[in-house]
file start14.txt (compact mmCIF, C-alpha atoms)
# COMPACT_ATOMS: atom_id res chain seq x y z
CA MET A 1 6.01 -12.48 -5.79
CA TYR A 2 3.47 -15.26 -5.48
CA ASP A 3 4.39 -15.66 -1.82
CA ASP A 4 3.89 -11.92 -1.18
CA MET A 5 0.60 -11.88 -3.07
CA VAL A 6 -1.01 -14.86 -1.35
CA THR A 7 0.24 -13.55 2.00
CA ALA A 8 -1.40 -10.18 1.36
CA ARG A 9 -4.69 -11.71 0.20
CA TYR A 10 -4.99 -14.09 3.14
CA TYR A 11 -3.86 -11.37 5.55
CA GLU A 12 -6.68 -9.10 4.46
CA GLU A 13 -9.26 -11.87 4.51
CA ARG A 14 -8.26 -12.58 8.11
CA LEU A 15 -8.29 -8.88 9.01
CA GLN A 16 -11.79 -8.64 7.56
CA GLU A 17 -12.95 -11.42 9.87
CA GLU A 18 -11.32 -9.84 12.91
CA TYR A 19 -12.54 -6.34 12.06
CA LEU A 20 -16.20 -7.29 11.76
CA GLU A 21 -16.21 -8.99 15.14
CA GLY A 22 -18.45 -6.97 17.47
CA LYS A 23 -19.37 -4.41 14.81
CA GLN A 24 -22.60 -6.08 13.69
CA PRO A 25 -25.59 -6.17 13.31
CA ALA A 26 -25.63 -2.39 13.75
CA PHE A 27 -22.26 -1.28 12.37
CA ASP A 28 -20.20 0.38 15.12
CA ILE A 29 -16.81 1.60 13.91
CA SER A 30 -15.41 1.83 17.43
CA ALA A 31 -16.33 -1.71 18.49
CA GLY A 32 -14.36 -4.92 18.10
CA PRO A 33 -10.66 -5.79 18.28
CA ILE A 34 -9.60 -3.47 15.41
CA PRO A 35 -10.60 0.12 16.15
CA GLY A 36 -11.40 2.76 13.55
CA GLU A 37 -11.57 2.41 9.78
CA LEU A 38 -10.03 -0.37 7.72
CA HIS A 39 -9.29 -0.10 3.99
CA LEU A 40 -8.41 -3.39 2.32
CA ALA A 41 -6.51 -3.84 -0.94
CA ALA A 42 -7.65 -7.28 -2.10
CA GLY A 43 -7.15 -7.19 -5.86
CA HIS A 44 -4.15 -4.83 -5.72
CA GLU A 45 -1.54 -7.47 -4.88
CA ALA A 46 0.22 -7.54 -8.26
CA SER A 47 1.27 -3.89 -8.09
CA GLY A 48 2.88 -4.16 -4.67
CA ALA A 49 4.67 -7.43 -5.39
CA GLY A 50 5.76 -6.54 -8.93
CA VAL A 51 7.25 -3.18 -7.95
CA CYS A 52 8.77 -4.04 -4.58
CA ALA A 53 10.51 -7.11 -6.02
CA HIS A 54 13.12 -4.66 -7.34
CA LEU A 55 13.64 -2.75 -4.09
CA ARG A 56 16.11 -2.98 -1.23
CA ASP A 57 15.71 -2.11 2.45
CA ASP A 58 17.47 1.23 1.88
CA ASP A 59 14.97 2.21 -0.81
CA THR A 60 12.06 4.32 0.42
CA VAL A 61 8.40 3.45 -0.17
CA THR A 62 5.38 5.61 0.67
CA ALA A 63 1.92 4.10 0.42
CA PRO A 64 -1.65 5.41 0.61
CA HIS A 65 -4.49 4.44 2.98
CA ARG A 66 -4.73 0.96 1.38
CA PRO A 67 -1.19 -0.15 2.28
CA HIS A 68 -0.97 -3.74 3.50
CA HIS A 69 -0.01 -5.47 0.25
CA ILE A 70 2.75 -2.91 -0.34
CA ALA A 71 4.02 -3.16 3.23
CA ILE A 72 4.21 -6.95 3.00
CA ALA A 73 6.05 -6.82 -0.33
CA LYS A 74 8.50 -4.22 1.06
CA GLY A 75 9.31 -6.46 4.02
CA VAL A 76 7.60 -4.63 6.88
CA ASP A 77 7.62 -6.71 10.08
CA LEU A 78 4.32 -8.60 9.88
CA LYS A 79 3.85 -9.14 13.61
CA ARG A 80 4.53 -5.54 14.58
CA MET A 81 2.38 -4.27 11.71
CA THR A 82 -0.48 -6.47 12.88
CA ALA A 83 -0.03 -5.29 16.46
CA GLU A 84 -0.24 -1.71 15.20
CA ILE A 85 -3.48 -2.45 13.34
CA PHE A 86 -4.92 -3.97 16.53
CA GLY A 87 -3.81 -0.89 18.48
CA ARG A 88 -1.29 -2.68 20.69
CA ALA A 89 1.72 -1.22 22.50
CA THR A 90 4.21 -3.43 20.61
CA GLY A 91 3.01 -2.15 17.24
CA LEU A 92 5.18 -0.23 14.81
CA SER A 93 4.02 3.06 16.33
CA LYS A 94 3.12 1.73 19.78
CA GLY A 95 -0.50 1.26 18.71
CA LYS A 96 -1.08 4.97 18.13
CA GLY A 97 -1.14 5.07 14.34
CA GLY A 98 -3.39 2.25 13.22
CA HIS A 99 -3.52 0.73 9.78
CA MET A 100 -3.37 4.00 7.80
CA HIS A 101 -0.25 5.26 9.56
CA LEU A 102 2.22 2.39 9.43
CA PHE A 103 5.88 3.32 9.75
CA ASP A 104 8.83 0.94 9.67
CA PRO A 105 12.23 2.69 9.49
CA ASP A 106 14.01 -0.67 9.26
CA VAL A 107 12.82 -0.98 5.66
CA ASN A 108 12.03 2.71 4.96
CA PHE A 109 8.28 2.27 4.68
CA ALA A 110 5.51 4.71 5.59
CA CYS A 111 1.89 5.32 4.65
CA SER A 112 -0.79 7.94 5.25
CA GLY A 113 -4.55 8.42 5.10
CA ILE A 114 -4.11 11.80 3.37
CA ILE A 115 -4.67 11.56 -0.39
CA ALA A 116 -1.38 11.82 -2.38
CA GLU A 117 0.47 12.68 0.86
CA GLY A 118 3.24 10.18 0.14
CA CYS A 119 4.42 11.90 -3.04
CA PRO A 120 6.36 14.84 -1.52
CA PRO A 121 8.15 12.67 1.11
CA ALA A 122 9.17 10.20 -1.61
CA VAL A 123 10.60 13.06 -3.65
CA GLY A 124 12.42 14.25 -0.54
CA ALA A 125 13.90 10.80 0.03
CA ALA A 126 14.99 10.67 -3.62
CA MET A 127 16.61 14.10 -3.34
CA ALA A 128 18.44 12.98 -0.19
CA ALA A 129 19.72 9.87 -1.98
CA LYS A 130 20.98 11.98 -4.86
CA LYS A 131 22.72 14.49 -2.60
CA ARG A 132 24.36 11.63 -0.68
CA ASN A 133 25.54 10.16 -3.99
CA THR A 134 23.92 6.77 -3.29
CA ASP A 135 21.93 4.62 -5.70
CA SER A 136 18.88 4.33 -3.42
CA VAL A 137 15.51 5.03 -5.01
CA ALA A 138 12.10 6.08 -3.72
CA VAL A 139 8.67 4.84 -4.79
CA ALA A 140 5.38 6.62 -4.11
CA PHE A 141 2.18 4.58 -4.46
CA LEU A 142 -1.14 6.37 -4.87
CA GLY A 143 -4.63 5.72 -6.19
CA GLU A 144 -6.06 7.03 -9.45
CA GLY A 145 -8.36 9.29 -7.44
CA ALA A 146 -5.28 11.15 -6.17
CA VAL A 147 -3.87 12.18 -9.56
CA ASP A 148 -5.60 15.57 -9.52
CA GLN A 149 -4.09 16.57 -6.17
CA GLY A 150 -1.71 19.52 -6.22
CA GLY A 151 0.90 17.66 -4.21
CA PHE A 152 1.09 15.01 -6.92
CA PHE A 153 1.74 17.57 -9.67
CA GLU A 154 4.25 19.49 -7.58
CA SER A 155 6.08 16.25 -6.83
CA LEU A 156 6.21 15.27 -10.50
CA ASN A 157 7.55 18.71 -11.38
CA LEU A 158 10.27 18.79 -8.72
CA ALA A 159 11.32 15.22 -9.51
CA ALA A 160 11.56 16.02 -13.23
CA VAL A 161 13.43 19.32 -12.75
CA HIS A 162 16.08 17.66 -10.57
CA ASP A 163 16.17 14.24 -12.32
CA LEU A 164 15.44 12.52 -9.02
CA PRO A 165 15.49 8.73 -8.54
CA VAL A 166 11.80 8.32 -7.79
CA VAL A 167 9.02 6.20 -9.29
CA PHE A 168 5.37 7.19 -8.98
CA VAL A 169 3.00 4.22 -9.06
CA VAL A 170 -0.69 4.88 -9.64
CA GLU A 171 -2.93 1.94 -8.66
CA ASP A 172 -6.01 2.33 -10.87
CA ASN A 173 -8.92 0.26 -9.54
CA ASP A 174 -11.52 2.29 -11.50
CA TRP A 175 -13.10 3.76 -8.36
CA ALA A 176 -12.08 6.91 -6.49
CA ILE A 177 -14.00 5.98 -3.32
CA SER A 178 -17.51 5.98 -4.84
CA MET A 179 -16.75 7.82 -8.09
CA PRO A 180 -15.88 6.03 -11.36
CA ILE A 181 -12.62 7.25 -12.84
CA GLU A 182 -14.27 8.93 -15.84
CA ARG A 183 -16.05 11.31 -13.44
CA VAL A 184 -12.80 12.16 -11.65
CA THR A 185 -10.46 12.98 -14.53
CA ASP A 186 -10.59 13.47 -18.29
CA VAL A 187 -7.34 11.67 -19.16
CA GLU A 188 -7.74 8.14 -20.48
CA ASN A 189 -5.14 6.84 -18.03
CA SER A 190 -2.89 8.44 -15.45
CA ALA A 191 0.32 7.64 -17.36
CA GLU A 192 -0.62 10.49 -19.70
CA ARG A 193 0.08 12.93 -16.88
CA ALA A 194 3.81 12.27 -17.37
CA GLY A 195 3.82 14.09 -20.70
CA GLY A 196 3.32 17.44 -19.00
CA PHE A 197 6.59 16.99 -17.13
CA ASP A 198 8.68 15.44 -19.90
CA LEU A 199 9.18 12.14 -18.09
CA PRO A 200 8.29 8.58 -19.11
CA GLY A 201 4.73 7.45 -18.47
CA VAL A 202 3.97 3.72 -18.70
CA ARG A 203 0.57 2.05 -18.50
CA VAL A 204 0.22 -1.60 -17.45
CA ASP A 205 -3.35 -2.21 -18.52
CA HIS A 206 -3.98 -5.47 -16.67
CA ASP A 207 -2.89 -6.58 -13.22
CA ASP A 208 -0.52 -9.27 -14.38
CA ALA A 209 2.30 -9.52 -11.83
CA VAL A 210 4.87 -10.38 -14.51
CA ALA A 211 3.87 -7.38 -16.65
CA VAL A 212 4.08 -5.14 -13.58
CA TYR A 213 7.49 -6.63 -12.70
CA GLU A 214 8.84 -5.90 -16.17
CA ALA A 215 7.56 -2.31 -16.27
CA ALA A 216 8.81 -1.66 -12.74
CA GLU A 217 12.22 -3.13 -13.53
CA GLU A 218 12.83 -0.56 -16.24
CA ALA A 219 11.53 2.30 -14.07
CA VAL A 220 13.50 1.36 -10.94
CA MET A 221 16.71 0.67 -12.85
CA ARG A 222 16.31 3.96 -14.68
CA ALA A 223 16.06 5.76 -11.34
CA ARG A 224 18.90 3.76 -9.77
CA ASP A 225 21.19 4.58 -12.71
CA GLY A 226 20.60 8.31 -12.27
CA ASN A 227 18.29 8.79 -15.25
CA GLY A 228 15.38 10.36 -13.40
CA PRO A 229 11.76 9.63 -12.50
CA THR A 230 9.06 7.51 -14.13
CA LEU A 231 5.28 7.45 -13.75
CA LEU A 232 3.70 3.97 -13.79
CA ASP A 233 -0.06 3.51 -14.06
CA ILE A 234 -1.16 -0.02 -13.13
CA GLN A 235 -4.65 -1.36 -13.67
CA VAL A 236 -5.71 -3.29 -10.59
CA HIS A 237 -9.13 -4.33 -9.29
CA ARG A 238 -11.02 -3.70 -6.08
CA ARG A 239 -12.63 -6.84 -4.69
CA MET A 240 -14.10 -5.15 -1.61
CA GLY A 241 -15.66 -1.82 -0.69
CA HIS A 242 -13.69 1.37 -0.23
CA PHE A 243 -13.67 0.63 3.50
CA MET A 244 -14.99 -2.09 5.75
CA GLY A 245 -18.71 -1.41 6.19
CA ASP A 246 -19.06 0.19 2.74
CA ALA A 247 -22.42 -1.01 1.36
CA GLU A 248 -21.26 -0.09 -2.21
CA ALA A 249 -24.75 1.01 -3.22
CA TYR A 250 -23.08 3.18 -5.87
CA ARG A 251 -21.49 0.19 -7.61
CA PRO A 252 -23.34 -1.99 -10.15
CA ASP A 253 -23.40 -5.72 -9.35
CA GLU A 254 -21.91 -6.55 -12.74
CA ASP A 255 -18.87 -4.35 -11.98
CA VAL A 256 -18.24 -6.20 -8.72
CA ALA A 257 -18.56 -9.55 -10.51
CA ALA A 258 -16.23 -8.45 -13.31
CA HIS A 259 -13.56 -7.34 -10.86
CA LYS A 260 -13.74 -10.54 -8.84
CA ALA A 261 -13.37 -12.58 -12.04
CA ARG A 262 -9.98 -10.96 -12.69
CA ASP A 263 -7.74 -12.56 -10.11
CA SER A 264 -4.07 -11.62 -10.45
CA ILE A 265 -3.05 -14.38 -8.02
CA GLU A 266 -4.66 -17.09 -10.13
CA ARG A 267 -3.09 -15.55 -13.24
CA LEU A 268 0.38 -15.72 -11.69
CA ALA A 269 -0.26 -19.29 -10.50
CA ALA A 270 -1.08 -20.28 -14.09
CA THR A 271 2.13 -18.65 -15.31
CA LEU A 272 4.14 -20.51 -12.68
CA ARG A 273 2.54 -23.82 -13.71
CA ASP A 274 3.54 -23.09 -17.30
CA HIS A 275 7.13 -22.83 -16.05
CA GLY A 276 7.16 -26.11 -14.18
CA VAL A 277 5.92 -25.14 -10.71
CA THR A 278 3.60 -27.86 -9.43
CA ASP A 279 0.29 -27.53 -7.63
CA ASP A 280 1.97 -29.09 -4.60
CA ASP A 281 4.58 -26.32 -4.67
CA LEU A 282 1.87 -23.66 -4.79
CA ALA A 283 -0.11 -25.36 -2.03
CA SER A 284 3.01 -25.46 0.13
CA ILE A 285 3.53 -21.71 -0.32
CA ARG A 286 -0.09 -21.03 0.61
CA GLU A 287 0.12 -23.25 3.68
CA THR A 288 3.29 -21.53 4.89
CA THR A 289 1.92 -18.03 4.34
CA GLU A 290 -1.38 -18.79 6.05
CA GLU A 291 0.46 -20.17 9.06
CA ARG A 292 2.61 -17.03 9.17
CA VAL A 293 -0.43 -14.75 9.00
CA ASP A 294 -2.39 -16.66 11.62
CA ASP A 295 0.69 -16.57 13.84
CA ALA A 296 1.02 -12.80 13.47
CA ILE A 297 -2.64 -12.20 14.28
CA ALA A 298 -2.61 -14.48 17.32
CA TRP A 299 0.59 -12.78 18.56
CA ALA A 300 -0.84 -9.28 18.03
CA LYS A 301 -4.08 -10.05 19.89
CA ASP A 302 -2.05 -11.27 22.84
CA GLN A 303 -0.06 -8.03 23.12
CA PRO A 304 -0.81 -5.33 25.72
CA GLU A 305 -2.80 -2.23 24.92
CA PRO A 306 -1.02 1.14 25.29
CA ASP A 307 -1.13 2.77 28.71
CA PRO A 308 -3.39 5.87 28.51
CA SER A 309 -0.72 7.80 30.41
CA GLU A 310 1.50 7.56 27.29
CA ALA A 311 -0.95 9.44 25.07
CA TYR A 312 1.20 12.57 24.99
CA GLU A 313 4.49 10.76 24.41
CA ASP A 314 6.04 10.73 20.91
CA VAL A 315 3.92 13.71 19.87
CA PHE A 316 6.78 16.17 19.38
CA THR A 317 10.25 15.54 17.98
CA ASN A 318 11.76 17.62 20.77
CA SER A 319 10.54 18.05 24.31
CA LEU A 320 8.12 20.77 25.32
CA SER A 321 10.77 22.18 27.65
CA GLY A 322 13.17 22.45 24.72
CA ALA A 323 10.54 24.14 22.58
CA VAL A 324 10.05 26.96 25.09
CA GLU A 325 13.62 27.23 26.32
CA GLY A 326 14.61 30.88 26.57
CA GLY A 327 10.99 32.00 26.22
CA ASP A 328 8.62 33.35 28.80
CA GLY A 329 7.39 29.84 29.74
CA ARG A 330 3.87 30.23 28.39
call {"tool": "encode", "arguments": {"input": "start14.txt", "output": "structure tokens"}}
result
Amino acid sequence: MYDDMVTARYYEERLQEEYLEGKQPAFDISAGPIPGELHLAAGHEASGAGVCAHLRDDDTVTAPHRPHHIAIAKGVDLKRMTAEIFGRATGLSKGKGGHMHLFDPDVNFACSGIIAEGCPPAVGAAMAAKKRNTDSVAVAFLGEGAVDQGGFFESLNLAAVHDLPVVFVVEDNDWAISMPIERVTDVENSAERAGGFDLPGVRVDHDDAVAVYEAAEEAVMRARDGNGPTLLDIQVHRRMGHFMGDAEAYRPDEDVAAHKARDSIERLAATLRDHGVTDDDLASIRETTEERVDDAIAWAKDQPEPDPSEAYEDVFTNSLSGAVEGGDGR
């Protein structure tokens, strides 16, 4: 978990550097080596690592628009993910999806920029696993700002009615874009939503990777054993703006300082030291992960850009000719 967490943190720090290249002094979202928006999850690492530590490649994970830490913990190919973020032809989706639309079928991972969009597909994957009589599970990650979306409630209901092997993980970083959580919803924490669907709701009220691991273990094993869904609500912290270029004028300075003071990676490092892991061991892990990240970024930047002539490829699941076969050709 420590390896995954330091990889995710360094990865996003490096992406931040690459993203800002060419976009300043006057911020231009289309300039630089990484096109479009970029949402970073520094401060969320414990939730991705603690949950995904219990998952296999055949388990399904859906993530929101802040997905990198989850993708890394799930085992998504780092080089191809990076190429996708840089918009290169060798990316996971041939450079057409970008960082909010990562898809790796080798490890059953997907994400989306649509709020709470991953909940229904995760429920579908869980239903498929149940009908196939396998012990695969599905996990849907979402932010606390998404817990009032209809798709989230519908997914909880369907999962509860059919006792599906799915875990819903709410990452609560206190801010729904620019709105504090108390202005978004009246419940004290999102785990309370579970009560309306008669399923377990568990709150992990600090982003301690070990605490997340323990809560996730019970939820994932419950799903894998055929005992139905669980809703986890995990307190994380947001060390950066909602997106790259966010001036965060809405956020008090003391809130930013308080969040940066709570570092889940340092907390896990202290726990590891208490269990005999040396500083040299931790430094070695960091060195290896940084080399891996730098390698992936250098490789991605050296990859070709997509040919514009391929813009209309991979748009439909069946060919246009097949779609109109037997029709009047219009």
call {"tool": "closest_residue", "arguments": {"input": "start14.txt", "among": "A:Asp246, A:Asp4, A:Asp59, A:Glu21", "to": "Asp106 (chain A)", "atoms": "only C-alpha atoms"}}
result
A:Asp59
call {"tool": "residues_around", "arguments": {"input": "start14.txt", "residues": "Val161 (chain A)", "least_positions_apart": "6", "cutoff": "12 Å", "atoms": "only C-alpha atoms", "output": "list in words"}}
result
Val123, Met127, Glu154, Ser155, Phe197, Asp198, Leu199, Asn227, Gly228 and Pro229 of chain A
call {"tool": "atom_distance", "arguments": {"input": "start14.txt", "atom1": "CA of Ala110 (chain A)", "atom2": "CA of His39 (chain A)"}}
result
15.6 Å
call {"tool": "closest_residue", "arguments": {"input": "start14.txt", "among": "A:Ala89, A:Ala71, A:Ala270, A:Leu164", "to": "Asp307 (chain A)", "atoms": "all atoms listed in the file"}}
result
A:Ala89
call {"tool": "closest_residue", "arguments": {"input": "start14.txt", "among": "A:Gly201, A:Gly245, A:Pro35, A:Gly118", "to": "Gly95 (chain A)", "atoms": "only C-alpha atoms"}}
result
A:Pro35
call {"tool": "residues_around", "arguments": {"input": "start14.txt", "residues": "Thr90 (chain A)", "least_positions_apart": "4", "cutoff": "7 Å", "atoms": "all atoms listed in the file", "output": "CSV table (one decimal) with C-alpha atoms, in the coordinates of the input"}}
result
chain,number,residue,atom,x,y,z
A,80,ARG,CA,4.5,-5.5,14.6
A,83,ALA,CA,0.0,-5.3,16.5
A,94,LYS,CA,3.1,1.7,19.8
A,95,GLY,CA,-0.5,1.3,18.7
A,303,GLN,CA,-0.1,-8.0,23.1
call {"tool": "closest_residue", "arguments": {"input": "start14.txt", "among": "A:Ile285, A:Ala249, A:Leu232, A:Val61", "to": "Ala216 (chain A)", "atoms": "only C-alpha atoms"}}
result
A:Leu232
call {"tool": "closest_residue", "arguments": {"input": "start14.txt", "among": "A:His237, A:Arg66, A:His275, A:Arg88", "to": "Ala116 (chain A)", "atoms": "all atoms listed in the file"}}
result
A:Arg66
call {"tool": "decode", "arguments": {"input": "start14.txt", "residues": "region 114-139 of chain A", "atoms": "N, CA, C and O atoms", "output": "CSV table (one decimal), in the first residue's frame"}}
result
chain,number,residue,atom,x,y,z
A,114,ILE,N,-18.4,12.2,-15.5
A,114,ILE,CA,-19.8,12.4,-15.2
A,114,ILE,C,-20.0,12.0,-13.7
A,114,ILE,O,-19.6,10.9,-13.3
A,115,ILE,N,-20.6,12.9,-12.9
A,115,ILE,CA,-20.7,12.7,-11.5
A,115,ILE,C,-21.6,11.5,-11.2
A,115,ILE,O,-22.7,11.4,-11.6
A,116,ALA,N,-21.0,10.6,-10.4
A,116,ALA,CA,-21.7,9.3,-9.9
A,116,ALA,C,-22.0,8.3,-11.1
A,116,ALA,O,-22.6,7.3,-10.9
A,117,GLU,N,-21.4,8.6,-12.3
A,117,GLU,CA,-21.6,7.7,-13.4
A,117,GLU,C,-21.2,6.3,-13.2
A,117,GLU,O,-21.8,5.4,-13.8
A,118,GLY,N,-20.1,6.1,-12.4
A,118,GLY,CA,-19.6,4.8,-12.2
A,118,GLY,C,-20.4,3.8,-11.4
A,118,GLY,O,-20.2,2.6,-11.4
A,119,CYS,N,-21.5,4.4,-10.7
A,119,CYS,CA,-22.3,3.5,-9.8
A,119,CYS,C,-23.1,2.5,-10.6
A,119,CYS,O,-23.1,1.3,-10.3
A,120,PRO,N,-23.9,2.9,-11.6
A,120,PRO,CA,-24.7,1.9,-12.3
A,120,PRO,C,-23.8,0.8,-13.0
A,120,PRO,O,-24.2,-0.4,-13.0
A,121,PRO,N,-22.7,1.2,-13.7
A,121,PRO,CA,-21.9,0.1,-14.3
A,121,PRO,C,-21.3,-0.9,-13.3
A,121,PRO,O,-21.2,-2.1,-13.6
A,122,ALA,N,-20.9,-0.4,-12.1
A,122,ALA,CA,-20.4,-1.2,-11.1
A,122,ALA,C,-21.5,-2.2,-10.6
A,122,ALA,O,-21.2,-3.4,-10.4
A,123,VAL,N,-22.7,-1.7,-10.5
A,123,VAL,CA,-23.8,-2.6,-10.1
A,123,VAL,C,-24.1,-3.6,-11.2
A,123,VAL,O,-24.3,-4.8,-11.0
A,124,GLY,N,-24.0,-3.2,-12.5
A,124,GLY,CA,-24.1,-4.1,-13.6
A,124,GLY,C,-23.1,-5.2,-13.6
A,124,GLY,O,-23.3,-6.4,-13.8
A,125,ALA,N,-21.8,-4.8,-13.3
A,125,ALA,CA,-20.7,-5.8,-13.2
A,125,ALA,C,-21.0,-6.8,-12.1
A,125,ALA,O,-20.7,-8.0,-12.2
A,126,ALA,N,-21.5,-6.3,-11.0
A,126,ALA,CA,-21.8,-7.1,-9.8
A,126,ALA,C,-22.9,-8.1,-10.1
A,126,ALA,O,-22.9,-9.3,-9.8
A,127,MET,N,-23.9,-7.6,-10.9
A,127,MET,CA,-25.0,-8.5,-11.2
A,127,MET,C,-24.5,-9.6,-12.2
A,127,MET,O,-24.9,-10.8,-12.1
A,128,ALA,N,-23.6,-9.2,-13.1
A,128,ALA,CA,-23.1,-10.2,-14.1
A,128,ALA,C,-22.3,-11.3,-13.3
A,128,ALA,O,-22.4,-12.5,-13.6
A,129,ALA,N,-21.5,-10.8,-12.3
A,129,ALA,CA,-20.7,-11.8,-11.5
A,129,ALA,C,-21.6,-12.8,-10.8
A,129,ALA,O,-21.4,-14.0,-10.7
A,130,LYS,N,-22.7,-12.2,-10.3
A,130,LYS,CA,-23.7,-13.1,-9.5
A,130,LYS,C,-24.4,-14.1,-10.5
A,130,LYS,O,-24.5,-15.3,-10.1
A,131,LYS,N,-24.8,-13.6,-11.6
A,131,LYS,CA,-25.4,-14.5,-12.6
A,131,LYS,C,-24.5,-15.6,-13.1
A,131,LYS,O,-24.9,-16.7,-13.5
A,132,ARG,N,-23.2,-15.2,-13.2
A,132,ARG,CA,-22.2,-16.2,-13.7
A,132,ARG,C,-21.8,-17.1,-12.6
A,132,ARG,O,-20.9,-18.0,-12.8
A,133,ASN,N,-22.2,-16.9,-11.4
A,133,ASN,CA,-21.9,-17.7,-10.2
A,133,ASN,C,-20.4,-17.7,-9.9
A,133,ASN,O,-19.8,-18.7,-9.6
A,134,THR,N,-19.8,-16.5,-10.1
A,134,THR,CA,-18.4,-16.3,-9.7
A,134,THR,C,-18.3,-15.5,-8.4
A,134,THR,O,-19.3,-15.0,-7.9
A,135,ASP,N,-17.1,-15.4,-7.8
A,135,ASP,CA,-17.0,-14.6,-6.6
A,135,ASP,C,-16.3,-13.3,-6.9
A,135,ASP,O,-15.7,-12.7,-6.0
A,136,SER,N,-16.4,-12.8,-8.1
A,136,SER,CA,-15.9,-11.5,-8.4
A,136,SER,C,-16.7,-10.4,-7.8
A,136,SER,O,-17.9,-10.6,-7.6
A,137,VAL,N,-16.1,-9.3,-7.4
A,137,VAL,CA,-16.9,-8.2,-6.8
A,137,VAL,C,-16.6,-6.9,-7.7
A,137,VAL,O,-15.7,-6.9,-8.5
A,138,ALA,N,-17.4,-5.9,-7.4
A,138,ALA,CA,-17.3,-4.6,-8.1
A,138,ALA,C,-17.2,-3.5,-7.0
A,138,ALA,O,-17.8,-3.6,-5.9
A,139,VAL,N,-16.4,-2.5,-7.3
A,139,VAL,CA,-16.3,-1.3,-6.4
A,139,VAL,C,-16.5,-0.1,-7.2
A,139,VAL,O,-15.9,0.1,-8.2
